Amino acid sequence: MSQPLIEIKNLSAGINGKQILKGINLTVRPGEVHAIMGPNGSGKSTLGYVLAGRKGYDVTGGTVTYDGKDLIELPPEDRAREGLFLAFQYPVEIPGVNNTYFLRAAYNELRKHRQQEEVDAVDFLAIVKEKMKLLDLPDSMMKRAVNEGFSGGEKKRNEIFQMAVLDPKLAVLDETDSGLDIDALRIVAEGVNKLKRPDNAAIVITHYQRLLNYIVPDFVHVLFDGRLIKSGGKELALELEEKGYDWLIGKNGK
Amino acid sequence: MTQTKPKSEPTPHLAAAESFAASAPGPEWLRTLRRNGVTHFTELGFPTTKLEDWIYCNAAPVTKLAFKPATCADAAVTAAQLAPFAFPGWTGSRLVFVNGHFAPALSTLPAPQKGVTITNLAAVLASGDALIEAQLAHHASVDGSGFSALNTAFITDGAFVALAPNAVAAEPIHLLFISAPGDTANTAQPRNLIVAGANSSAKIVEHYVSLGGAAHFTNAVTEIVVGEGANIEHAKFQEENLEAFHIATVQATLARDSRFLSHSISTGARLARHNINLVMTGQGVDCVMNGLYAVGGKQLVDHHTIADHAQPHCGSHEFYHGILGGQSRGVFNGKIFVRKDAQKTDAKQTSRNLLLTDTATVNSKPQLEILADDVKCTHGATVGQLNDEALFYCRTRGIAEVNARRLLTHAFASEIVNRITVEPVREHLEQVLWARLEELIEKK
Ligand SMILES: Nc1ncnc2c1ncn2[C@@H]1O[C@H](COP(=O)(O)OP(=O)(O)OP(=O)(O)O)[C@@H](O)[C@H]1O
Ligand SMILES: [Mg+2]
């Protein structure tokens with residue numbers, strides 16, 4: 001088996017002193033897609049934020065090894081430069097910052113990190129054009145401020161568009177499917193699928209099995225009360241869809 | 001509001017105003033206006049911090065500066081010295097005023113256009129124009145503050161723009177006010193009048209700069225009369241030197257169905273006080289007040305705005321952003337009056353301030369007086385640091401924290417600048433603001 005891309009061991013973390021993650025174990029290898037499902041408030045987004053390095057989300061125990069490095073030690077920007085990408089559940093609006101300008105700044109940060117030359121606005125536009133088609137984004141969205149006034153669906157598509165341009169090794173998609181209508185869902189899922197390669201991986205957080213019809217996971221995990229209480233193959237998602245979480249929670253309840 | 005009358009000690013200002021008003025030439029109505037200015041200035045004197053509208057703005061240093069009003073554009077200014085104040089790629093006209101007086105040799109007048117008059121006030125005062133007599137000093141009240149009374153006592157020159165009904169000014173108009181160290185003068189008191197006829201339209205930029213770093217005093221009054229259905233964009237940009245005192249009033253009267261877009265961008269001056277007063281005298285007016293200040297060191301910048309909804313069915317939208325470094329102080333006071341009959345008023349006001357240091361302060365205050373019942377009025381003020389979520393979002397995209405801060409600070413300014421529709425002006429502002437903000441961020 002290939003080396004793990006990320007290895008989360010017994011990870012505990014809290015927000016402002018409140019314990020949210022209570023011992024997570026998860027290993028993701030290149031080429032794999034892992035789905036994490038779980039009821040509201042179970043800690044899914046918290047896991048995403050902890051991996052991305054958000055301030056105030058303190059790791060209280062355990063380790064995270066990403067691409068051979070201690071992830072927790074790295075500031076958020078270095079994690080991103082090392083190829084970790086978080087697609088936000090609620091993408092942040094940044095008024096006054098042009099979407100294309102922002103993405104080029106991010107893209108050039110990655111290039112600098114890899115000791116590659118920065119690209120200018122013209123070359124960048126050529127790179128971007130192709131990815132815009134992939135996600136069916138209108139030109140107008142690129143001229144607007146980052147996420148400002150975007151509809152819920154547009155924000156999500158913009159996240160995946162950023163991912164397409166930044167080409168991460170490990171993408172964590174936090175409920176990218178929520179707020180999307182069925183056509184948008186298909187476009188986004190197809191986009192994610194096209195970006196899939198043997199050397200990258202994705203952790204897909206979702207509430208709904210419908211996304212997993214398009215992005216077929218290799219593993220499905222159930223997060224409840226800060227722990228992964230069940231793991232299985234893609235059929236687990238179907239089972240959850242049918243039976244809900246209660247049958248699992250019953251066994252693992254507090 | 002109890003405004004206790006300050007003791008008006010005899011000041012050199014009053015003596016100078018009296019002798020000027022008594023001797024300066026002009027038609028009788030103008031001489032009456034000036035005398036009227038003197039009378040009010042005698043009563044009011046300069047505002048003190050005892051006055052509610054001047055609590056946070058101590059104008060005493062202005063009054064202590066030796067008062068040497070410029071009587072003509074006597075300072076030698078060369079075209080080359082104006083280069084830093086040119087808008088990139090500008091093809092429109094530019095009227096240059098040196099110490100408040102028109103400097104034809106430095107100016108580029110627009111190609112003549114039917115129904116559009118762009119000239120200087122002194123020229124039309126000399127030739128006599130009924131429009132001027134009917135409008136000049138009929139809008140900005142002389143009894144509001146001692147400063148506008150003082151300006152009125154000295155009315156001599158400034159910009160004059162008149163649009164006949166339906167006239168559309170072909171190009172934006174740049175009015176450049178330069179303070180130049182002359183032999184004696186250090187005070188400029190430009191008086192500007194813009195009269196837009198029904199359904200006319202124009203974009204006008206009032207731009208204040210200094211040559212050199214010596215202290216000087218600008219006391220400007222601009223009256224804007226916007227006719228029915230007219231559409232005017234007025235941008236004021238103050239980038240005077242850091243010893244300057246800048247006191248200015250923009251007074252606009254907005255008739256039925258007119259559109260008025262006001263910008264105030266203020267980066268310069270040791271003390272800058274901007275009064276921007278919009279009075280909606282007809283129904284269906286739509287106006288925007290858009291403002292940005294970026295200051296540091298010991299600068300004080302004060303915006304007092306009024307949206308006076310005197311008639312129903314008008315909208316006023318106000319957006320002010322402040323970026324403050326060093327030990328600078330910002331003041332924002334936004335008054336919204338909704339008069340008794342002004343039903344269906346839609347008034348929005350937001351004032352947001354970004355403090356780059358612990359020592360910078362802001363006093364931001366909305367002041368709403370609503371006498372009608374069927375209205376929508378909202379206001380919000382924030383003072384604080386950059387948004388943590390946005391900072392984190394940038395960092396998750398690989399942008400280092402210091403650059404993310406820089407990006408968001410510039411963006412905060414861009415939000416305001418982007419509302420200016422004249423591209424070369426935006427470009428100039430972006431350059432000036434970029435440099436200014438970098439300075440503020442570095443020095444913090
Ligand atoms: N800033 C915070 N301070 C305190 N508690 C918080 C904070 N943010 C989140 N929480 C709590 O942490 C727990 C986990 O939240 P999280 O957002 O990770 O859940 P989630 O699984 O992503 O839920 P959802 O399905 O609704 O997105 C919840 O109980 C939530 O209330
Ligand atoms: Mg969540």
# chains A, B, ... in the order shown; residues from 1 in each chain; ligands from 1
call {"tool": "residues_around", "arguments": {"residues": "Val226 in chain B", "least_positions_apart": "3", "cutoff": "8 Å", "atoms": "only C-alpha atoms", "output": "compact mmCIF listing (two decimals) with N, CA, C and O atoms, in the first residue's frame"}}
result
# COMPACT_ATOMS: atom_id res chain seq x y z
N VAL B 195 -24.49 74.43 -10.98
CA VAL B 195 -25.94 74.49 -11.17
C VAL B 195 -26.30 73.59 -12.35
O VAL B 195 -25.89 73.83 -13.48
N ALA B 196 -27.03 72.52 -12.05
CA ALA B 196 -27.38 71.55 -13.08
C ALA B 196 -28.86 71.68 -13.40
O ALA B 196 -29.71 71.45 -12.54
N GLY B 197 -29.16 72.05 -14.64
CA GLY B 197 -30.55 72.21 -15.06
C GLY B 197 -31.27 70.86 -15.13
O GLY B 197 -30.65 69.80 -14.97
N ALA B 198 -32.55 70.91 -15.39
CA ALA B 198 -33.37 69.70 -15.41
C ALA B 198 -32.80 68.69 -16.40
O ALA B 198 -32.38 69.04 -17.50
N ALA B 230 -32.02 65.56 -12.95
CA ALA B 230 -30.59 65.67 -13.30
C ALA B 230 -29.80 64.57 -12.59
O ALA B 230 -30.26 63.98 -11.62
N ASN B 231 -28.61 64.31 -13.11
CA ASN B 231 -27.80 63.22 -12.60
C ASN B 231 -26.37 63.73 -12.43
O ASN B 231 -25.66 63.96 -13.40
N ILE B 232 -25.95 63.90 -11.19
CA ILE B 232 -24.63 64.49 -10.93
C ILE B 232 -23.81 63.56 -10.05
O ILE B 232 -24.28 63.05 -9.04
N ALA B 252 -25.66 70.41 -1.15
CA ALA B 252 -26.37 70.10 -2.39
C ALA B 252 -27.87 70.15 -2.16
O ALA B 252 -28.39 69.64 -1.17
N THR B 253 -28.55 70.77 -3.10
CA THR B 253 -30.01 70.83 -3.08
C THR B 253 -30.50 69.95 -4.22
O THR B 253 -30.13 70.18 -5.38
N LEU B 254 -31.29 68.95 -3.89
CA LEU B 254 -31.64 67.94 -4.89
C LEU B 254 -33.13 68.01 -5.22
O LEU B 254 -33.97 67.74 -4.36
N ALA B 255 -33.42 68.35 -6.47
CA ALA B 255 -34.82 68.49 -6.87
C ALA B 255 -35.40 67.14 -7.27
O ALA B 255 -34.70 66.13 -7.38
N SER B 258 -34.07 63.61 -9.05
CA SER B 258 -32.65 63.74 -9.41
C SER B 258 -31.84 62.60 -8.79
O SER B 258 -32.29 61.92 -7.87
N PHE B 260 -27.95 61.86 -7.25
CA PHE B 260 -26.72 62.53 -6.82
C PHE B 260 -25.81 61.52 -6.14
O PHE B 260 -26.22 60.82 -5.22
call {"tool": "residues_near_ligand", "arguments": {"ligand": "ligand 2", "cutoff": "12 Å", "atoms": "only C-alpha atoms and all ligand atoms", "output": "count of residues only"}}
result
31
call {"tool": "atom_distance", "arguments": {"atom1": "CA of Gln115 in chain A", "atom2": "CA of Asn200 in chain A"}}
result
20.7 Å
call {"tool": "interface_residues", "arguments": {"of": "chain A", "to": "chain B", "cutoff": "9 Å", "atoms": "only C-alpha atoms", "output": "number ranges by chain"}}
result
A: 52-55, 75-82, 84-86, 88, 91-98, 102-103, 105-110, 162, 166
call {"tool": "select_by_dssp", "arguments": {"residues": "range 61-145 of chain A", "states": "helix (DSSP H, G or I)", "output": "PyMOL selection string"}}
result
chain A and resi 71-73+76-81+99-113+121-134+139-143
call {"tool": "write_last_selection", "arguments": {"atoms": "N, CA and C atoms", "output": "compact mmCIF listing (two decimals), in the first residue's frame"}}
result
# COMPACT_ATOMS: atom_id res chain seq x y z
N LEU A 71 1.42 18.23 10.75
CA LEU A 71 0.53 19.26 10.21
C LEU A 71 0.23 20.36 11.23
N ILE A 72 0.04 19.96 12.47
CA ILE A 72 -0.40 20.89 13.51
C ILE A 72 0.61 22.02 13.73
N GLU A 73 1.85 21.72 13.44
CA GLU A 73 2.91 22.72 13.61
C GLU A 73 2.85 23.83 12.57
N PRO A 76 -1.66 28.05 8.80
CA PRO A 76 -2.62 27.71 7.74
C PRO A 76 -2.06 27.91 6.33
N GLU A 77 -1.32 29.01 6.12
CA GLU A 77 -0.85 29.27 4.76
C GLU A 77 0.14 28.22 4.29
N ASP A 78 0.94 27.68 5.23
CA ASP A 78 1.89 26.65 4.83
C ASP A 78 1.19 25.33 4.53
N ARG A 79 0.13 25.06 5.25
CA ARG A 79 -0.64 23.85 4.96
C ARG A 79 -1.18 23.94 3.53
N ALA A 80 -1.71 25.12 3.20
CA ALA A 80 -2.26 25.32 1.86
C ALA A 80 -1.15 25.16 0.82
N ARG A 81 0.00 25.73 1.11
CA ARG A 81 1.10 25.66 0.14
C ARG A 81 1.61 24.24 -0.04
N ASN A 99 -12.27 38.57 -7.52
CA ASN A 99 -12.17 37.11 -7.47
C ASN A 99 -10.95 36.59 -8.24
N THR A 100 -10.71 37.12 -9.41
CA THR A 100 -9.58 36.68 -10.22
C THR A 100 -8.26 37.08 -9.55
N TYR A 101 -8.23 38.31 -9.06
CA TYR A 101 -7.03 38.81 -8.39
C TYR A 101 -6.68 37.93 -7.20
N PHE A 102 -7.70 37.62 -6.43
CA PHE A 102 -7.52 36.80 -5.23
C PHE A 102 -6.94 35.43 -5.58
N LEU A 103 -7.55 34.83 -6.58
CA LEU A 103 -7.15 33.48 -6.93
C LEU A 103 -5.73 33.46 -7.51
N ARG A 104 -5.41 34.52 -8.24
CA ARG A 104 -4.05 34.58 -8.79
C ARG A 104 -3.02 34.76 -7.66
N ALA A 105 -3.40 35.58 -6.66
CA ALA A 105 -2.51 35.75 -5.51
C ALA A 105 -2.26 34.40 -4.85
N ALA A 106 -3.32 33.63 -4.67
CA ALA A 106 -3.20 32.31 -4.05
C ALA A 106 -2.35 31.38 -4.92
N TYR A 107 -2.64 31.41 -6.21
CA TYR A 107 -1.93 30.55 -7.16
C TYR A 107 -0.44 30.86 -7.14
N ASN A 108 -0.11 32.14 -7.12
CA ASN A 108 1.29 32.53 -7.13
C ASN A 108 2.00 32.18 -5.82
N GLU A 109 1.25 32.20 -4.72
CA GLU A 109 1.84 31.76 -3.45
C GLU A 109 2.29 30.30 -3.56
N LEU A 110 1.45 29.49 -4.17
CA LEU A 110 1.80 28.08 -4.33
C LEU A 110 3.01 27.93 -5.22
N ARG A 111 3.03 28.72 -6.29
CA ARG A 111 4.16 28.62 -7.22
C ARG A 111 5.46 29.06 -6.56
N LYS A 112 5.38 30.14 -5.82
CA LYS A 112 6.58 30.60 -5.11
C LYS A 112 7.10 29.51 -4.18
N HIS A 113 6.15 28.88 -3.51
CA HIS A 113 6.51 27.82 -2.56
C HIS A 113 7.25 26.69 -3.27
N ALA A 121 -1.14 38.44 -15.04
CA ALA A 121 -2.60 38.41 -15.17
C ALA A 121 -3.04 37.76 -16.48
N VAL A 122 -2.30 38.01 -17.53
CA VAL A 122 -2.70 37.49 -18.85
C VAL A 122 -2.57 35.96 -18.89
N ASP A 123 -1.42 35.47 -18.47
CA ASP A 123 -1.22 34.02 -18.47
C ASP A 123 -2.20 33.33 -17.53
N PHE A 124 -2.46 34.00 -16.42
CA PHE A 124 -3.35 33.40 -15.45
C PHE A 124 -4.75 33.22 -16.03
N LEU A 125 -5.17 34.22 -16.80
CA LEU A 125 -6.50 34.16 -17.40
C LEU A 125 -6.65 32.93 -18.30
N ALA A 126 -5.56 32.61 -19.00
CA ALA A 126 -5.58 31.44 -19.88
C ALA A 126 -5.73 30.16 -19.06
N ILE A 127 -5.04 30.12 -17.92
CA ILE A 127 -5.13 28.93 -17.05
C ILE A 127 -6.54 28.77 -16.51
N VAL A 128 -7.10 29.91 -16.17
CA VAL A 128 -8.39 29.93 -15.49
C VAL A 128 -9.55 29.58 -16.42
N LYS A 129 -9.43 30.04 -17.66
CA LYS A 129 -10.52 29.87 -18.65
C LYS A 129 -11.02 28.42 -18.72
N GLU A 130 -10.08 27.54 -18.80
CA GLU A 130 -10.37 26.12 -18.96
C GLU A 130 -11.12 25.58 -17.74
N LYS A 131 -10.66 25.97 -16.57
CA LYS A 131 -11.28 25.49 -15.32
C LYS A 131 -12.66 26.10 -15.15
N MET A 132 -12.84 27.30 -15.69
CA MET A 132 -14.17 27.92 -15.59
C MET A 132 -15.18 27.11 -16.38
N LYS A 133 -14.73 26.64 -17.53
CA LYS A 133 -15.62 25.82 -18.35
C LYS A 133 -15.99 24.54 -17.62
N LEU A 134 -14.99 23.98 -16.97
CA LEU A 134 -15.19 22.75 -16.22
C LEU A 134 -16.34 22.90 -15.22
N ASP A 139 -18.24 34.37 -16.90
CA ASP A 139 -17.16 35.36 -16.80
C ASP A 139 -17.44 36.39 -15.71
N SER A 140 -18.72 36.75 -15.62
CA SER A 140 -19.08 37.85 -14.70
C SER A 140 -18.67 37.52 -13.27
N MET A 141 -18.70 36.25 -12.91
CA MET A 141 -18.36 35.88 -11.54
C MET A 141 -16.89 36.17 -11.24
N MET A 142 -16.08 36.13 -12.26
CA MET A 142 -14.65 36.37 -12.05
C MET A 142 -14.35 37.84 -11.85
N LYS A 143 -15.29 38.67 -12.29
CA LYS A 143 -15.06 40.11 -12.18
C LYS A 143 -15.58 40.66 -10.86
call {"tool": "atom_distance", "arguments": {"atom1": "CA of Ala159 in chain B", "atom2": "CA of Glu223 in chain B"}}
result
10.3 Å
call {"tool": "residues_around", "arguments": {"residues": "Thr281 in chain B", "least_positions_apart": "2", "cutoff": "12 Å", "atoms": "only C-alpha atoms", "output": "ChimeraX atom specification"}}
result
/B:139,225-228,252-258,278-279,283-286,307-314,338-339,341-342
call {"tool": "write_last_selection", "arguments": {"atoms": "N, CA, C and O atoms", "output": "compact mmCIF listing (two decimals), in the first residue's frame"}}
result
# COMPACT_ATOMS: atom_id res chain seq x y z
N HIS B 139 -27.78 78.44 -0.85
CA HIS B 139 -27.90 77.05 -0.41
C HIS B 139 -27.10 76.76 0.85
O HIS B 139 -27.63 76.24 1.81
N VAL B 225 -26.55 72.70 -7.08
CA VAL B 225 -27.99 72.76 -7.26
C VAL B 225 -28.35 71.76 -8.35
O VAL B 225 -27.95 71.93 -9.50
N VAL B 226 -29.03 70.71 -7.96
CA VAL B 226 -29.31 69.64 -8.91
C VAL B 226 -30.79 69.73 -9.30
O VAL B 226 -31.68 69.56 -8.47
N GLY B 227 -31.02 70.01 -10.57
CA GLY B 227 -32.39 70.22 -11.06
C GLY B 227 -33.16 68.93 -11.20
O GLY B 227 -32.63 67.83 -11.03
N GLU B 228 -34.42 69.04 -11.55
CA GLU B 228 -35.30 67.88 -11.69
C GLU B 228 -34.74 66.87 -12.67
O GLU B 228 -34.35 67.21 -13.78
N ALA B 252 -25.66 70.41 -1.15
CA ALA B 252 -26.37 70.10 -2.39
C ALA B 252 -27.87 70.15 -2.16
O ALA B 252 -28.39 69.64 -1.17
N THR B 253 -28.55 70.77 -3.10
CA THR B 253 -30.01 70.83 -3.08
C THR B 253 -30.50 69.95 -4.22
O THR B 253 -30.13 70.18 -5.38
N LEU B 254 -31.29 68.95 -3.89
CA LEU B 254 -31.64 67.94 -4.89
C LEU B 254 -33.13 68.01 -5.22
O LEU B 254 -33.97 67.74 -4.36
N ALA B 255 -33.42 68.35 -6.47
CA ALA B 255 -34.82 68.49 -6.87
C ALA B 255 -35.40 67.14 -7.27
O ALA B 255 -34.70 66.13 -7.38
N ARG B 256 -36.67 67.14 -7.51
CA ARG B 256 -37.45 65.95 -7.80
C ARG B 256 -36.76 65.02 -8.81
O ARG B 256 -36.23 65.44 -9.82
N ASP B 257 -36.78 63.73 -8.49
CA ASP B 257 -36.28 62.68 -9.39
C ASP B 257 -34.81 62.82 -9.78
O ASP B 257 -34.37 62.22 -10.76
N SER B 258 -34.07 63.61 -9.05
CA SER B 258 -32.65 63.74 -9.41
C SER B 258 -31.84 62.60 -8.79
O SER B 258 -32.29 61.92 -7.87
N LEU B 278 -26.91 67.10 2.16
CA LEU B 278 -27.78 66.91 1.00
C LEU B 278 -29.22 67.16 1.44
O LEU B 278 -29.69 66.56 2.40
N VAL B 279 -29.87 68.04 0.72
CA VAL B 279 -31.26 68.34 1.04
C VAL B 279 -32.13 67.91 -0.14
O VAL B 279 -31.93 68.38 -1.27
N GLN B 283 -39.67 64.96 -4.61
CA GLN B 283 -39.86 63.53 -4.43
C GLN B 283 -38.97 62.73 -5.38
O GLN B 283 -38.51 63.24 -6.38
N GLY B 284 -38.81 61.46 -5.05
CA GLY B 284 -38.14 60.55 -5.99
C GLY B 284 -36.65 60.76 -6.15
O GLY B 284 -36.06 60.29 -7.11
N VAL B 285 -36.03 61.45 -5.20
CA VAL B 285 -34.58 61.66 -5.29
C VAL B 285 -33.87 60.38 -4.85
O VAL B 285 -34.32 59.68 -3.96
N ASP B 286 -32.76 60.10 -5.49
CA ASP B 286 -31.94 58.97 -5.09
C ASP B 286 -30.52 59.47 -4.91
O ASP B 286 -29.92 59.96 -5.86
N ALA B 307 -28.35 63.89 5.58
CA ALA B 307 -29.28 63.51 4.52
C ALA B 307 -30.63 64.03 5.00
O ALA B 307 -31.20 63.50 5.94
N ASP B 308 -31.08 65.07 4.37
CA ASP B 308 -32.30 65.72 4.82
C ASP B 308 -33.45 65.34 3.89
O ASP B 308 -33.56 65.85 2.77
N HIS B 309 -34.28 64.42 4.39
CA HIS B 309 -35.43 63.97 3.60
C HIS B 309 -36.59 64.92 3.86
O HIS B 309 -37.35 64.73 4.81
N ALA B 310 -36.71 65.93 3.00
CA ALA B 310 -37.78 66.89 3.19
C ALA B 310 -39.04 66.48 2.44
O ALA B 310 -40.10 67.05 2.64
N GLN B 311 -38.88 65.49 1.54
CA GLN B 311 -40.00 65.08 0.69
C GLN B 311 -40.13 63.55 0.68
O GLN B 311 -39.15 62.85 0.93
N PRO B 312 -41.33 63.05 0.38
CA PRO B 312 -41.51 61.60 0.38
C PRO B 312 -40.81 60.90 -0.78
O PRO B 312 -40.40 61.54 -1.74
N HIS B 313 -40.70 59.58 -0.66
CA HIS B 313 -40.22 58.71 -1.74
C HIS B 313 -38.78 59.00 -2.17
O HIS B 313 -38.46 58.94 -3.35
N CYS B 314 -37.94 59.37 -1.22
CA CYS B 314 -36.53 59.57 -1.58
C CYS B 314 -35.68 58.49 -0.92
O CYS B 314 -36.01 58.00 0.15
N VAL B 338 -35.79 62.94 8.70
CA VAL B 338 -36.95 62.58 7.89
C VAL B 338 -38.08 63.50 8.34
O VAL B 338 -38.58 63.38 9.46
N ARG B 339 -38.41 64.44 7.49
CA ARG B 339 -39.42 65.44 7.87
C ARG B 339 -40.81 64.82 7.91
O ARG B 339 -41.04 63.73 7.39
N ASP B 341 -43.60 65.03 6.41
CA ASP B 341 -44.33 64.51 5.25
C ASP B 341 -43.51 63.54 4.41
O ASP B 341 -43.98 63.05 3.39
N ALA B 342 -42.31 63.25 4.83
CA ALA B 342 -41.42 62.45 3.99
C ALA B 342 -41.68 60.95 4.15
O ALA B 342 -40.81 60.17 4.53
